[in-house]
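S.K.: Structure: work19.cif, mmCIF, C-alpha atoms and all ligand atoms.
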```
data_upload
loop_
_atom_site.label_atom_id
_atom_site.label_comp_id
_atom_site.auth_asym_id
_atom_site.auth_seq_id
_atom_site.Cartn_x
_atom_site.Cartn_y
_atom_site.Cartn_z
CA MET A 1 8.57 14.44 -17.14
CA GLU A 2 8.98 11.69 -14.54
CA SER A 3 10.98 12.59 -11.43
CA LYS A 4 14.64 11.52 -11.36
CA VAL A 5 14.28 9.86 -7.99
CA LEU A 6 11.37 7.74 -9.27
CA LEU A 7 13.32 6.74 -12.36
CA LYS A 8 16.15 5.66 -10.02
CA ASP A 9 13.62 3.60 -8.06
CA PHE A 10 12.29 1.94 -11.23
CA ASP A 11 15.86 1.15 -12.32
CA GLY A 12 16.37 -0.48 -8.93
CA ILE A 13 13.43 -2.80 -9.64
CA LEU A 14 14.62 -3.45 -13.20
CA ASN A 15 18.05 -4.48 -11.92
CA SER A 16 16.74 -6.51 -8.98
CA ASP A 17 16.39 -10.28 -8.99
CA THR A 18 12.64 -10.02 -9.81
CA ASP A 19 11.54 -12.87 -12.08
CA PHE A 20 10.27 -10.74 -14.97
CA ASP A 21 10.18 -13.73 -17.33
CA ALA A 22 7.09 -14.97 -15.46
CA PHE A 23 5.26 -11.88 -16.72
CA PHE A 24 6.38 -12.05 -20.36
CA GLY A 25 3.39 -11.24 -22.62
CA LYS A 26 1.00 -11.29 -19.65
CA THR A 27 -1.85 -8.91 -18.76
CA ILE A 28 -1.95 -7.50 -15.23
CA LEU A 29 -5.08 -5.80 -13.90
CA VAL A 30 -4.49 -3.19 -11.17
CA THR A 31 -7.26 -1.60 -9.07
CA GLY A 32 -6.74 1.65 -7.17
CA ALA A 33 -4.50 2.61 -10.08
CA THR A 34 -4.34 6.31 -9.23
CA GLY A 35 -3.36 5.60 -5.61
CA LEU A 36 0.16 5.61 -4.21
CA ILE A 37 0.95 1.92 -4.51
CA GLY A 38 -1.24 1.20 -7.55
CA SER A 39 0.27 4.03 -9.60
CA LEU A 40 3.85 3.15 -8.65
CA PHE A 41 3.24 -0.53 -9.36
CA ILE A 42 1.93 0.31 -12.83
CA LYS A 43 4.72 2.75 -13.64
CA SER A 44 7.39 0.33 -12.41
CA VAL A 45 6.02 -2.58 -14.43
CA LEU A 46 5.57 -0.50 -17.60
CA TYR A 47 9.08 0.91 -17.16
CA CYS A 48 10.60 -2.57 -16.78
CA SER A 49 8.45 -4.10 -19.53
CA ARG A 50 9.38 -1.41 -22.04
CA ALA A 51 13.08 -1.54 -21.09
CA ARG A 52 13.24 -5.33 -21.49
CA ASN A 53 10.63 -5.80 -24.26
CA LEU A 54 8.53 -7.98 -21.98
CA ASN A 55 5.30 -7.07 -23.77
CA ILE A 56 3.35 -6.84 -20.50
CA LYS A 57 -0.09 -5.21 -20.73
CA ILE A 58 -1.58 -3.23 -17.85
CA VAL A 59 -5.33 -2.90 -17.42
CA SER A 60 -6.08 -0.33 -14.74
CA VAL A 61 -9.28 0.31 -12.81
CA ILE A 62 -9.91 3.97 -12.00
CA ARG A 63 -12.76 6.29 -11.11
CA ASN A 64 -11.49 9.61 -12.42
CA ILE A 65 -10.09 9.71 -15.96
CA GLU A 66 -8.74 13.25 -15.70
CA LYS A 67 -6.75 12.36 -12.59
CA ALA A 68 -5.48 9.18 -14.26
CA LYS A 69 -4.38 11.05 -17.39
CA GLU A 70 -2.46 13.53 -15.26
CA ILE A 71 -0.71 10.85 -13.15
CA PHE A 72 0.18 8.68 -16.14
CA SER A 73 0.82 11.37 -18.76
CA ASP A 74 4.27 9.92 -19.55
CA TYR A 75 3.03 6.32 -19.74
CA ILE A 76 -0.07 6.31 -21.94
CA ALA A 77 0.44 3.87 -24.85
CA ASP A 78 -1.08 0.72 -26.38
CA ASP A 79 0.14 -1.52 -23.54
CA PHE A 80 -1.84 0.44 -20.94
CA LYS A 81 -5.61 0.69 -20.72
CA PHE A 82 -8.07 2.37 -18.31
CA TYR A 83 -11.43 1.02 -17.17
CA ILE A 84 -13.67 3.35 -15.19
CA CYS A 85 -15.45 1.56 -12.34
CA ASP A 86 -16.56 2.40 -8.81
CA LEU A 87 -15.72 -0.99 -7.30
CA ALA A 88 -18.02 -0.47 -4.32
CA ASN A 89 -21.12 -0.11 -6.47
CA ASP A 90 -20.53 -1.18 -10.09
CA SER A 91 -19.69 -4.57 -11.51
CA LEU A 92 -16.28 -4.93 -13.05
CA ASP A 93 -16.54 -5.92 -16.72
CA ILE A 94 -13.22 -6.39 -18.46
CA GLU A 95 -12.95 -7.40 -22.12
CA GLU A 96 -9.49 -8.89 -22.28
CA ASN A 97 -7.97 -11.97 -20.73
CA VAL A 98 -6.34 -11.21 -17.41
CA ASP A 99 -3.37 -13.22 -16.12
CA TYR A 100 -2.66 -11.46 -12.83
CA ILE A 101 -4.52 -9.05 -10.54
CA VAL A 102 -3.19 -6.58 -7.97
CA HIS A 103 -6.09 -5.26 -5.88
CA THR A 104 -5.10 -2.06 -4.09
CA ALA A 105 -8.33 -0.01 -4.09
CA ALA A 106 -9.45 1.03 -0.61
CA VAL A 107 -10.22 4.01 1.59
CA THR A 108 -6.93 4.83 3.30
CA THR A 109 -7.50 8.24 4.89
CA SER A 110 -8.11 7.98 8.64
CA LYS A 111 -10.49 10.94 8.62
CA ASP A 112 -12.64 9.29 5.91
CA MET A 113 -12.66 6.02 7.86
CA VAL A 114 -14.39 7.71 10.79
CA SER A 115 -16.55 10.06 8.69
CA TYR A 116 -17.71 7.50 6.11
CA PRO A 117 -17.31 4.05 7.69
CA VAL A 118 -20.08 2.48 5.60
CA ASP A 119 -18.41 3.61 2.37
CA ASN A 120 -15.19 2.16 3.71
CA ILE A 121 -16.80 -1.22 4.34
CA LYS A 122 -18.47 -1.16 0.92
CA ILE A 123 -15.25 -0.60 -0.97
CA SER A 124 -13.52 -3.18 1.20
CA VAL A 125 -16.04 -5.97 1.03
CA ASN A 126 -18.08 -5.28 -2.16
CA GLY A 127 -14.98 -4.13 -4.01
CA THR A 128 -12.92 -7.17 -3.07
CA MET A 129 -15.79 -9.55 -3.85
CA ASN A 130 -16.14 -7.83 -7.24
CA VAL A 131 -12.44 -8.30 -7.98
CA LEU A 132 -12.41 -11.90 -6.74
CA GLU A 133 -15.37 -12.71 -9.03
CA LEU A 134 -13.35 -11.38 -11.93
CA ALA A 135 -10.33 -13.42 -10.82
CA LYS A 136 -12.52 -16.52 -10.73
CA ASN A 137 -14.15 -15.85 -14.12
CA LYS A 138 -10.87 -15.02 -15.83
CA ASN A 139 -9.13 -17.98 -14.19
CA VAL A 140 -6.15 -15.80 -13.30
CA LYS A 141 -2.71 -17.25 -12.60
CA GLY A 142 -2.25 -15.10 -9.50
CA MET A 143 -3.84 -12.29 -7.49
CA VAL A 144 -2.48 -10.21 -4.62
CA TYR A 145 -4.89 -8.46 -2.27
CA LEU A 146 -3.31 -5.54 -0.42
CA SER A 147 -4.16 -6.04 3.21
CA SER A 148 -2.54 -4.21 6.11
CA MET A 149 -0.64 -4.83 9.31
CA GLU A 150 -3.72 -3.24 10.90
CA VAL A 151 -5.41 -6.68 10.68
CA TYR A 152 -3.38 -7.57 13.77
CA GLY A 153 -5.33 -5.03 15.83
CA GLN A 154 -4.05 -4.15 19.29
CA MET A 155 -1.21 -6.28 20.55
CA ASN A 156 1.20 -5.82 23.37
CA ILE A 157 3.98 -8.10 22.32
CA GLU A 158 7.58 -7.19 22.92
CA ASP A 159 9.36 -10.52 23.18
CA HIS A 160 9.13 -11.76 19.60
CA LEU A 161 8.42 -10.66 16.02
CA ILE A 162 4.81 -11.13 14.91
CA LYS A 163 4.10 -13.94 12.52
CA GLU A 164 1.07 -14.27 10.27
CA THR A 165 -0.66 -16.78 12.56
CA GLU A 166 -1.08 -14.37 15.49
CA LEU A 167 -3.94 -11.90 15.92
CA GLY A 168 -4.76 -9.17 18.44
CA TYR A 169 -7.87 -7.33 19.57
CA ILE A 170 -10.09 -5.07 17.47
CA ASP A 171 -12.69 -2.99 19.33
CA LEU A 172 -15.87 -3.28 17.24
CA SER A 173 -17.50 -0.41 19.09
CA SER A 174 -14.91 1.96 17.65
CA VAL A 175 -16.01 3.29 14.26
CA ARG A 176 -12.35 3.37 13.10
CA SER A 177 -12.43 -0.44 13.21
CA CYS A 178 -14.22 -0.45 9.84
CA TYR A 179 -10.74 -0.41 8.27
CA PRO A 180 -8.94 -3.27 10.09
CA GLU A 181 -12.08 -5.37 10.40
CA GLY A 182 -12.78 -4.79 6.68
CA LYS A 183 -9.25 -5.98 5.91
CA ARG A 184 -9.85 -9.11 8.00
CA MET A 185 -13.09 -9.83 6.14
CA CYS A 186 -11.38 -9.31 2.79
CA GLU A 187 -8.57 -11.71 3.71
CA CYS A 188 -11.27 -14.17 4.73
CA LEU A 189 -12.99 -13.63 1.34
CA CYS A 190 -9.70 -14.23 -0.48
CA ASN A 191 -9.17 -17.41 1.47
CA SER A 192 -12.74 -18.50 0.76
CA TYR A 193 -12.36 -17.93 -3.01
CA ALA A 194 -9.10 -19.87 -2.85
CA LYS A 195 -10.82 -22.81 -1.14
CA GLN A 196 -14.19 -22.85 -2.90
CA TYR A 197 -13.20 -21.72 -6.41
CA ASP A 198 -9.49 -22.50 -6.46
CA VAL A 199 -8.60 -18.85 -7.07
CA ASN A 200 -4.86 -18.40 -6.66
CA VAL A 201 -4.97 -15.38 -4.35
CA VAL A 202 -2.74 -14.24 -1.48
CA SER A 203 -2.93 -11.32 0.95
CA ALA A 204 0.00 -8.95 1.45
CA ARG A 205 -0.14 -7.43 4.96
CA LEU A 206 1.70 -4.21 4.28
CA ALA A 207 3.47 -2.20 6.93
CA GLN A 208 3.09 1.54 6.45
CA THR A 209 4.40 2.06 2.95
CA PHE A 210 5.76 5.30 1.59
CA GLY A 211 8.31 6.89 -0.66
CA PRO A 212 8.56 9.17 -3.72
CA GLY A 213 5.43 9.29 -5.85
CA ILE A 214 3.01 10.57 -3.21
CA SER A 215 0.33 12.97 -4.43
CA LYS A 216 0.30 16.66 -3.56
CA ASP A 217 -2.63 16.17 -1.17
CA GLU A 218 -1.21 13.10 0.62
CA ASN A 219 -1.75 13.71 4.34
CA ARG A 220 -0.77 10.48 6.08
CA VAL A 221 1.69 10.82 8.94
CA PHE A 222 4.82 10.21 6.81
CA ALA A 223 3.82 13.05 4.46
CA GLN A 224 3.03 15.38 7.36
CA PHE A 225 6.49 14.78 8.88
CA ALA A 226 8.23 15.29 5.53
CA LYS A 227 6.22 18.48 4.93
CA SER A 228 7.29 19.81 8.34
CA PHE A 229 10.90 19.30 7.28
CA MET A 230 10.31 21.01 3.92
CA ASP A 231 8.48 23.96 5.49
CA ASN A 232 10.93 24.19 8.41
CA THR A 233 8.04 23.98 10.88
CA ASP A 234 7.79 21.92 14.07
CA ILE A 235 6.19 18.48 13.91
CA VAL A 236 2.95 18.54 15.91
CA LEU A 237 1.78 15.21 17.33
CA HIS A 238 -1.87 14.91 18.39
CA THR A 239 -1.23 11.71 20.38
CA LYS A 240 1.68 10.66 22.56
CA GLY A 241 2.89 8.75 19.50
CA LEU A 242 3.44 5.55 21.47
CA SER A 243 2.05 3.22 18.81
CA GLU A 244 4.82 1.18 17.22
CA GLY A 245 5.08 1.64 13.48
CA ASN A 246 6.42 -0.86 10.99
CA TYR A 247 7.58 0.72 7.73
CA VAL A 248 8.53 -0.39 4.25
CA TYR A 249 9.73 1.52 1.19
CA THR A 250 7.45 1.71 -1.84
CA THR A 251 9.76 -0.14 -4.26
CA ASP A 252 10.42 -2.85 -1.65
CA ALA A 253 6.63 -3.31 -1.44
CA ILE A 254 6.32 -3.43 -5.24
CA ARG A 255 9.02 -6.10 -5.48
CA ALA A 256 7.14 -8.01 -2.77
CA ILE A 257 3.89 -7.87 -4.77
CA LEU A 258 5.69 -9.15 -7.88
CA VAL A 259 7.18 -12.03 -5.87
CA LEU A 260 3.83 -12.89 -4.29
CA LEU A 261 2.01 -12.90 -7.65
CA VAL A 262 4.27 -15.71 -8.80
CA LYS A 263 5.42 -17.52 -5.67
CA GLY A 264 2.78 -16.78 -3.02
CA GLU A 265 1.00 -19.85 -1.73
CA LYS A 266 -2.73 -19.87 -2.49
CA GLY A 267 -4.90 -18.60 0.39
CA GLN A 268 -1.95 -17.48 2.52
CA ALA A 269 -1.18 -14.07 4.06
CA TYR A 270 2.34 -12.58 4.13
CA ASN A 271 3.72 -9.71 6.20
CA VAL A 272 5.44 -7.13 4.01
CA GLY A 273 7.59 -4.96 6.23
CA ASN A 274 11.19 -4.12 6.90
CA GLU A 275 12.26 -5.59 10.23
CA ASP A 276 14.89 -2.85 10.59
CA ASN A 277 12.28 -0.09 10.11
CA HIS A 278 10.46 -0.29 13.38
CA MET A 279 9.87 2.44 15.94
CA THR A 280 7.12 4.41 17.68
CA ILE A 281 5.46 7.33 15.90
CA SER A 282 7.13 9.63 18.41
CA GLN A 283 10.59 8.15 17.71
CA MET A 284 9.97 8.59 13.98
CA ALA A 285 9.03 12.25 14.54
CA HIS A 286 12.30 12.70 16.44
CA LEU A 287 14.23 10.93 13.67
CA VAL A 288 12.93 13.52 11.20
CA ALA A 289 13.40 16.51 13.52
CA GLU A 290 16.83 15.56 14.87
CA ASP A 291 18.53 13.33 12.34
CA ILE A 292 17.13 14.64 9.08
CA ALA A 293 16.40 18.28 9.96
CA ASP A 294 19.49 18.46 12.17
CA ASN A 295 17.49 19.85 15.14
CA LYS A 296 16.25 22.82 13.11
CA ILE A 297 12.68 21.78 13.92
CA LYS A 298 11.19 20.32 17.12
CA VAL A 299 8.53 17.76 18.02
CA ILE A 300 5.58 19.32 19.83
CA TYR A 301 2.71 17.47 21.54
CA ASP A 302 -0.77 19.00 21.21
CA ILE A 303 -3.21 16.34 22.38
CA PRO A 304 -6.93 17.21 22.02
CA ASN A 305 -9.54 15.77 24.41
CA ASP A 306 -11.39 13.97 21.62
CA THR A 307 -8.78 12.05 19.62
CA ALA A 308 -11.39 9.51 18.38
CA SER A 309 -12.80 11.97 15.82
CA MET A 310 -9.34 12.28 14.25
CA GLY A 311 -9.41 8.64 13.22
CA TYR A 312 -6.11 7.44 14.68
CA ALA A 313 -5.66 3.69 14.94
CA ALA A 314 -5.55 2.32 18.49
CA ASP A 315 -2.07 2.03 20.05
CA THR A 316 -0.36 -1.26 19.42
CA LYS A 317 3.00 -2.77 20.29
CA MET A 318 4.24 -5.18 17.70
CA HIS A 319 7.11 -5.75 15.37
CA LEU A 320 6.34 -7.58 12.12
CA SER A 321 8.33 -10.66 11.17
CA SER A 322 9.43 -10.93 7.51
CA GLU A 323 10.43 -14.55 7.80
CA LYS A 324 7.57 -15.95 5.70
CA ILE A 325 8.06 -13.68 2.69
CA ASN A 326 11.86 -13.86 3.05
CA SER A 327 11.51 -17.59 2.44
CA LEU A 328 10.16 -16.75 -1.06
CA GLY A 329 13.38 -14.88 -1.82
CA TRP A 330 12.28 -11.30 -1.01
CA LYS A 331 14.30 -9.00 1.23
CA ALA A 332 13.55 -5.39 2.18
CA GLN A 333 16.38 -3.04 1.27
CA VAL A 334 15.65 0.57 2.15
CA LYS A 335 16.05 1.91 5.70
CA LEU A 336 13.65 4.44 7.24
CA LYS A 337 16.05 7.39 7.12
CA ASP A 338 16.67 6.76 3.40
CA MET A 339 12.91 6.45 2.84
CA TYR A 340 12.57 10.00 4.14
CA LEU A 341 15.57 11.32 2.22
CA ARG A 342 14.22 9.93 -1.05
CA LEU A 343 10.69 11.18 -0.31
CA ILE A 344 12.06 14.65 0.45
CA GLU A 345 14.13 14.65 -2.76
CA PHE A 346 10.93 13.86 -4.67
CA MET A 347 8.91 16.53 -2.85
CA ARG A 348 11.59 19.16 -3.57
CA ASP A 349 11.16 18.69 -7.31
CA PHE A 350 7.47 18.01 -7.57
CA ILE A 351 5.41 19.25 -4.72
CA VAL A 352 6.79 22.47 -3.32
N1 LIG B 401 0.38 3.00 1.93
C1 LIG B 401 0.33 2.35 3.06
O1 LIG B 401 0.99 2.75 4.02
C2 LIG B 401 -0.48 1.07 3.23
C3 LIG B 401 -0.24 0.29 4.39
C4 LIG B 401 -0.99 -0.89 4.56
C5 LIG B 401 -1.92 -1.25 3.62
N2 LIG B 401 -2.12 -0.48 2.52
C6 LIG B 401 -3.14 -0.92 1.57
O2 LIG B 401 -2.59 -0.85 0.26
C7 LIG B 401 -3.60 -0.44 -0.65
C8 LIG B 401 -3.11 0.77 -1.45
O3 LIG B 401 -2.76 1.80 -0.55
P1 LIG B 401 -2.33 3.24 -1.09
O4 LIG B 401 -1.42 3.79 -0.07
O5 LIG B 401 -1.89 3.17 -2.50
O6 LIG B 401 -3.74 3.99 -0.99
P2 LIG B 401 -4.27 5.25 -1.80
O7 LIG B 401 -5.29 5.90 -0.94
O8 LIG B 401 -3.15 6.08 -2.30
O9 LIG B 401 -4.99 4.56 -3.05
C9 LIG B 401 -6.22 3.92 -2.94
C10 LIG B 401 -6.88 3.89 -4.30
O10 LIG B 401 -8.16 3.23 -4.20
C11 LIG B 401 -9.09 3.92 -5.02
N3 LIG B 401 -10.46 3.69 -4.59
C12 LIG B 401 -11.03 4.01 -3.40
N4 LIG B 401 -12.34 3.70 -3.41
C13 LIG B 401 -12.61 3.16 -4.64
C14 LIG B 401 -13.77 2.66 -5.27
N5 LIG B 401 -14.96 2.68 -4.64
N6 LIG B 401 -13.68 2.17 -6.54
C15 LIG B 401 -12.49 2.18 -7.19
N7 LIG B 401 -11.35 2.66 -6.64
C16 LIG B 401 -11.41 3.15 -5.39
C17 LIG B 401 -8.68 5.40 -4.85
O11 LIG B 401 -9.20 6.19 -5.90
C18 LIG B 401 -7.17 5.29 -4.88
O12 LIG B 401 -6.71 5.36 -6.22
C19 LIG B 401 -4.86 -0.16 0.17
O13 LIG B 401 -5.69 -1.30 0.13
C20 LIG B 401 -4.33 0.03 1.57
O14 LIG B 401 -5.28 -0.33 2.54
C21 LIG B 401 -1.42 0.68 2.31
#
```
I need this file expressed as structure tokens, please.
M.R.:
Amino acid sequence: MESKVLLKDFDGILNSDTDFDAFFGKTILVTGATGLIGSLFIKSVLYCSRARNLNIKIVSVIRNIEKAKEIFSDYIADDFKFYICDLANDSLDIEENVDYIVHTAAVTTSKDMVSYPVDNIKISVNGTMNVLELAKNKNVKGMVYLSSMEVYGQMNIEDHLIKETELGYIDLSSVRSCYPEGKRMCECLCNSYAKQYDVNVVSARLAQTFGPGISKDENRVFAQFAKSFMDNTDIVLHTKGLSEGNYVYTTDAIRAILVLLVKGEKGQAYNVGNEDNHMTISQMAHLVAEDIADNKIKVIYDIPNDTASMGYAADTKMHLSSEKINSLGWKAQVKLKDMYLRLIEFMRDFIV
């Protein structure tokens, strides 16, 4: 049975000002369907479609059918189909017409980025090319590529919010750069398909995105902090935590993707963050330890000599502007503390 907190989230999307009519009777293809954002996007859309009789069909691209059946056990029906495809290596052949595409598939684990950088680049570049070819051949109405705020690289900007036209430095000698540089190349590919083949594609530069719906083995920093709270153990930071994070709640990101599919301007990139959810990693650790755990746990610094092998992104100082996507009618709603409270509510029921 689906978690109560997720059902509340899906109801929030259903009752939002999302233009569902634009998707009436349409087919949406989603890659990375078993991942955090892909799975929540699919569940949200199926939930809303079934509640409103929108007759939306979801075609999902996965690699592992057993995993997919487990994640979507409550959702499997005629309006939802799986295609098995390793996007880095296999071509993507889809029978049905496709109206919209949401391309989320990527390597997102820092450790894997530094251990398998070539695989990371392959899924980024080959995978995105594969999906863009499909978008071109199916003449889709809209496609959103999930990029990342990491495309900005290192910045040291404190006097204004970062707009989509600015870019910082990426150190190409660092193996971890396969991720942000891959994202840059994929945005460039999207733009190129928009120009050369008139593919209606936009890039969504997501801030760190989290909320209920994470998998049991999720190990990104937000999950580690929430697990420390659940286990009543201190939060251990392996850096000074000075990098400034920009955060957005999962359902806010899903509403943003739905807006961009319909209203995004071809070939453009949009920041998707919550301007109010901005702090350093260390401040966020203290928020969890002090505000959420009521000082029952502490933040401890244990900084190894060789942090490079751990795959952390280089420190950056920047605060994402939401102005461009706000102008399409989207506004972030959920504050960082509530993101944690909802995530913890989910973990209480499903993970521990
Ligand atoms: N969650 C975040 O904080 C965040 C922030 C910025 C950007 N993004 C971007 O959003 C997208 C989704 O992120 P997420 O958090 O859901 O990630 P995730 O790791 O939970 O999901 C990624 C999905 O991609 C799939 N995948 C990986 N390699 C593949 C391949 N070769 N063929 C087919 N599928 C493959 C995985 O199986 C997984 O289902 C990613 O592109 C990520 O870079 C996420």
S.K.: As a quick test: using all atoms listed in the file, which residues lie no more than 6 Å away from ligand LIG 401 (chain B)? Give them as an mmCIF file with C-alpha atoms, keeping the file's coordinate frame.
M.R.:
```cif
data_model
loop_
_atom_site.group_PDB
_atom_site.id
_atom_site.type_symbol
_atom_site.label_atom_id
_atom_site.label_comp_id
_atom_site.auth_asym_id
_atom_site.auth_seq_id
_atom_site.Cartn_x
_atom_site.Cartn_y
_atom_site.Cartn_z
ATOM 1 C CA GLY A 32 -6.740 1.650 -7.170
ATOM 2 C CA ALA A 33 -4.500 2.610 -10.080
ATOM 3 C CA THR A 34 -4.340 6.310 -9.230
ATOM 4 C CA GLY A 35 -3.360 5.600 -5.610
ATOM 5 C CA LEU A 36 0.160 5.610 -4.210
ATOM 6 C CA ILE A 37 0.950 1.920 -4.510
ATOM 7 C CA GLY A 38 -1.240 1.200 -7.550
ATOM 8 C CA ILE A 62 -9.910 3.970 -12.000
ATOM 9 C CA ARG A 63 -12.760 6.290 -11.110
ATOM 10 C CA CYS A 85 -15.450 1.560 -12.340
ATOM 11 C CA ASP A 86 -16.560 2.400 -8.810
ATOM 12 C CA LEU A 87 -15.720 -0.990 -7.300
ATOM 13 C CA ALA A 88 -18.020 -0.470 -4.320
ATOM 14 C CA THR A 104 -5.100 -2.060 -4.090
ATOM 15 C CA ALA A 105 -8.330 -0.010 -4.090
ATOM 16 C CA ALA A 106 -9.450 1.030 -0.610
ATOM 17 C CA VAL A 107 -10.220 4.010 1.590
ATOM 18 C CA THR A 108 -6.930 4.830 3.300
ATOM 19 C CA ILE A 123 -15.250 -0.600 -0.970
ATOM 20 C CA LEU A 146 -3.310 -5.540 -0.420
ATOM 21 C CA SER A 147 -4.160 -6.040 3.210
ATOM 22 C CA SER A 148 -2.540 -4.210 6.110
ATOM 23 C CA LEU A 206 1.700 -4.210 4.280
ATOM 24 C CA ALA A 207 3.470 -2.200 6.930
ATOM 25 C CA GLN A 208 3.090 1.540 6.450
ATOM 26 C CA THR A 209 4.400 2.060 2.950
ATOM 27 C CA PHE A 210 5.760 5.300 1.590
#
```
S.K.: Counting only C-alpha atoms, which of A:Lys298, A:Arg342, A:Lys266, A:Arg255 gets nearest to Thr18 of chain A?
M.R.: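 Among A:Lys298, A:Arg342, A:Lys266, A:Arg255, it is A:Arg255 that comes nearest to Thr18 of chain A.
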S.K.: Go through A:Leu14, A:Val202, A:Ile71, A:Leu132 one by one, measure the shortest atom-to-atom distance of each to Ser91 of chain A using all atoms listed in the file, and give the residue with the smallest value.
M.R.: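 The closest residue to Ser91 of chain A is A:Leu132.
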S.K.: Report as a PyMOL selection string all protein, DNA and RNA residues lying within 9 Å of segment 51-58 of chain A, evaluated on all atoms listed in the file, omitting residues in the same chain fewer than 5 positions from it.
M.R.: chain A and resi 14+20-21+23-30+42+45-46+78-82
S.K.: By how many Å are atom CA of Gly213 of chain A and atom CA of Met347 of chain A apart?
M.R.: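 We find that atom CA of Gly213 of chain A and atom CA of Met347 of chain A lie 8.6 Å from each other.
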S.K.: For Asp315 of chain A, which of A:Glu158, A:Glu244, A:Asp17, A:Glu133 is the closest residue, counting only C-alpha atoms?
M.R.: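 Using only C-alpha atoms, Asp315 of chain A sits closest to A:Glu244.
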S.K.: May I ask which of the residues A:Glu275, A:Asp302, A:Glu96, A:Asp119 is the closest one to Gly245 of chain A, counting all atoms listed in the file?
M.R.: A:Glu275
S.K.: Just checking: using only C-alpha atoms, which residue out of A:Ile76, A:Met310, A:Ala204, A:Val221 ends up closest to Met143 of chain A?
M.R.: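 Looking at the shortest contact to Met143 of chain A, the residue is A:Ala204.
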S.K.: Nearest residue to Ser192 of chain A out of A:Gly267, A:Leu167, A:Arg176, A:Asn246, using only C-alpha atoms?
M.R.: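 Result for the nearest residue to Ser192 of chain A: A:Gly267.
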S.K.: Do you know which residues are at most 10 Å from Leu258 of chain A counting all atoms listed in the file, after dropping those on the same chain fewer than 5 positions away, and could you put them as a list in words?
M.R.: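 Counting only the stated atoms, we get Thr18, Asp19, Phe20, Ala22, Phe23, Phe41, Val45, Tyr100, Val102, Val144, Ala253, Lys263, Gly264 and Trp330 of chain A.
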S.K.: Given the point (-14.5, -5.1, 10.8) in the file's coordinates, find the residues that have an atom at most 12 Å from it, counting only C-alpha atoms, and give them as a PyMOL selection string.
M.R.: chain A and resi 113+117-118+120-122+124-125+150-153+169-188
S.K.: To one decimal place in Å, what is the distance between atom CA of Val114 of chain A and atom CA of Ser243 of chain A?
M.R.: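 These two atoms are separated by 18.8 Å.
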S.K.: May I have the residues within 12 Å of Thr280 of chain A as JSON, numbers by chain, using all atoms listed in the file and disregarding those fewer than 2 positions away in the same chain?
M.R.: {"A": [239, 240, 241, 242, 243, 244, 245, 246, 247, 277, 278, 282, 283, 284, 285, 286, 287, 315, 316, 317, 318, 319]}
S.K.: Have a look at atom CA of Arg50 of chain A and atom CA of Lys67 of chain A and let me know their distance in Å, one decimal.
M.R.: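 Between these atoms lies a distance of 23.2 Å.
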S.K.: Step by step: locate segment 112-132 of chain A in the block above, keep C-alpha atoms, then write the file as a CSV table (one decimal), in the first residue's frame.
M.R.:
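The new file part15.csv reads:
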```csv
chain,number,residue,atom,x,y,z
A,112,ASP,CA,30.0,5.9,-8.7
A,113,MET,CA,30.9,9.2,-10.4
A,114,VAL,CA,34.5,8.9,-9.3
A,115,SER,CA,34.7,5.1,-9.6
A,116,TYR,CA,33.0,4.7,-13.0
A,117,PRO,CA,33.4,8.1,-14.7
A,118,VAL,CA,33.3,6.7,-18.2
A,119,ASP,CA,29.9,4.9,-17.5
A,120,ASN,CA,28.7,8.2,-16.1
A,121,ILE,CA,29.6,10.0,-19.3
A,122,LYS,CA,28.1,7.3,-21.5
A,123,ILE,CA,24.7,7.4,-19.8
A,124,SER,CA,24.8,11.2,-19.9
A,125,VAL,CA,25.8,11.7,-23.5
A,126,ASN,CA,24.8,8.5,-25.3
A,127,GLY,CA,21.6,8.2,-23.2
A,128,THR,CA,20.5,11.8,-23.8
A,129,MET,CA,21.3,11.5,-27.5
A,130,ASN,CA,19.3,8.3,-27.6
A,131,VAL,CA,16.3,10.0,-26.0
A,132,LEU,CA,16.6,13.1,-28.2
```
